[in-house]
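The block underneath contains the structure these notes are about, expressed in structure tokens.
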Amino acid sequence: MLGILTVIVSRSPDARDATEMVIESIRRPPAEVQPLYNEAAARALSDQSAGFTKQEERLIRRLIAPEVQPRTISLNVRVTPAERQQLGKAARAVGYQYLSDYVRAMLGLPHTPPRPLPSPDDDCFRPM
């Protein structure tokens, strides 16, 4: 995200201030940063003087997302230790860091996407 923010700052006078606010807020929770980014992106994309390439425009648009509602309700489901272990194993097998994101994905709810799984070519598999 930081790369495209730098492009916006350098090319779009109309979005410069809003984009700098995003950069200053980058370490805050996503629910706080996303609305700031959405505003900066909208200003940048409507700035005719920015001269973004088609690829830059695609990157800017790809990072626009609906504002995230904070999750304040907890749903408890009782499972056996074996079922919990099975769920955790299934979540890790497809790259989920958190079981809640895996369950949300299985239910078709918004979730943090899984991380890519390491391949045998990755450094972590090479002998030392």
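Ordering of the structure tokens sets the chain letters (A, B, ...); residue numbers start at 1 within each chain; ligands are numbered from 1 in the order shown.
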
Inset, instruction - Extract, using only C-alpha atoms, all DNA, RNA and protein residues at most 9 Å from Gln97 of chain A, discarding same-chain residues fewer than 4 positions from it, and format them as a ChimeraX atom specification. - result: /A:91-92,101-102,114-115

Legend entry - Shell around Val33 of chain A at 12 Å using only C-alpha atoms, local window under 4 positions removed, as a PyMOL selection string: chain A and resi 1+18-29+37-40+63-68

Selected residues, C-alpha atoms, written as an mmCIF file, in the first residue's frame, please.
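Below you can see selection.cif, which holds the result:
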```cif
data_model
loop_
_atom_site.group_PDB
_atom_site.id
_atom_site.type_symbol
_atom_site.label_atom_id
_atom_site.label_comp_id
_atom_site.auth_asym_id
_atom_site.auth_seq_id
_atom_site.Cartn_x
_atom_site.Cartn_y
_atom_site.Cartn_z
ATOM 1 C CA MET A 1 0.000 0.000 0.000
ATOM 2 C CA ALA A 18 -5.537 13.197 2.276
ATOM 3 C CA THR A 19 -2.864 10.698 1.232
ATOM 4 C CA GLU A 20 -0.356 12.067 3.734
ATOM 5 C CA MET A 21 -2.995 11.523 6.441
ATOM 6 C CA VAL A 22 -3.220 7.868 5.359
ATOM 7 C CA ILE A 23 0.555 7.487 5.550
ATOM 8 C CA GLU A 24 0.617 9.018 9.041
ATOM 9 C CA SER A 25 -2.163 6.642 10.143
ATOM 10 C CA ILE A 26 -0.803 3.487 8.501
ATOM 11 C CA ARG A 27 -0.067 1.705 11.804
ATOM 12 C CA ARG A 28 -3.575 2.253 13.154
ATOM 13 C CA PRO A 29 -6.279 -0.443 12.927
ATOM 14 C CA TYR A 37 -7.552 5.619 2.069
ATOM 15 C CA ASN A 38 -10.926 5.489 0.306
ATOM 16 C CA GLU A 39 -11.165 9.297 0.489
ATOM 17 C CA ALA A 40 -7.603 9.810 -0.755
ATOM 18 C CA LEU A 63 -7.145 -1.059 -2.479
ATOM 19 C CA ILE A 64 -10.511 0.692 -2.157
ATOM 20 C CA ALA A 65 -12.669 -1.386 0.170
ATOM 21 C CA PRO A 66 -15.920 -1.006 2.029
ATOM 22 C CA GLU A 67 -15.459 0.474 5.445
ATOM 23 C CA VAL A 68 -15.042 -2.256 8.018
#
```

Legend entry - Who sits within 12 Å of segment 8-10 of chain A, only C-alpha atoms, same chain under 2 positions skipped, as JSON, numbers by chain: {"A": [1, 2, 3, 4, 5, 6, 12, 13, 14, 15, 16, 17, 18, 19, 20, 21, 22, 23, 37, 40, 41, 42, 43, 44, 45, 46, 47, 49, 50, 51, 52, 53, 56, 57, 59, 60]}

Inset, instruction - Just the alpha helix (DSSP H) stuff from chain A, please, per backbone DSSP, written as a VMD selection string. - result: chain A and resid 2 to 11 16 to 24 30 to 46 54 to 62 81 to 93 99 to 106

Inset, instruction - Tell me, in Å to one decimal, how far atom CA of Arg78 of chain A is from atom CA of Pro113 of chain A. - result: 24.7 Å

Legend entry - Interatomic distance, atom CA of Gln85 of chain A to atom CA of Leu99 of chain A (Å, one decimal): 10.5 Å

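Between atom CA of Val94 of chain A and atom CA of Thr112 of chain A lies a distance of 12.7 Å.
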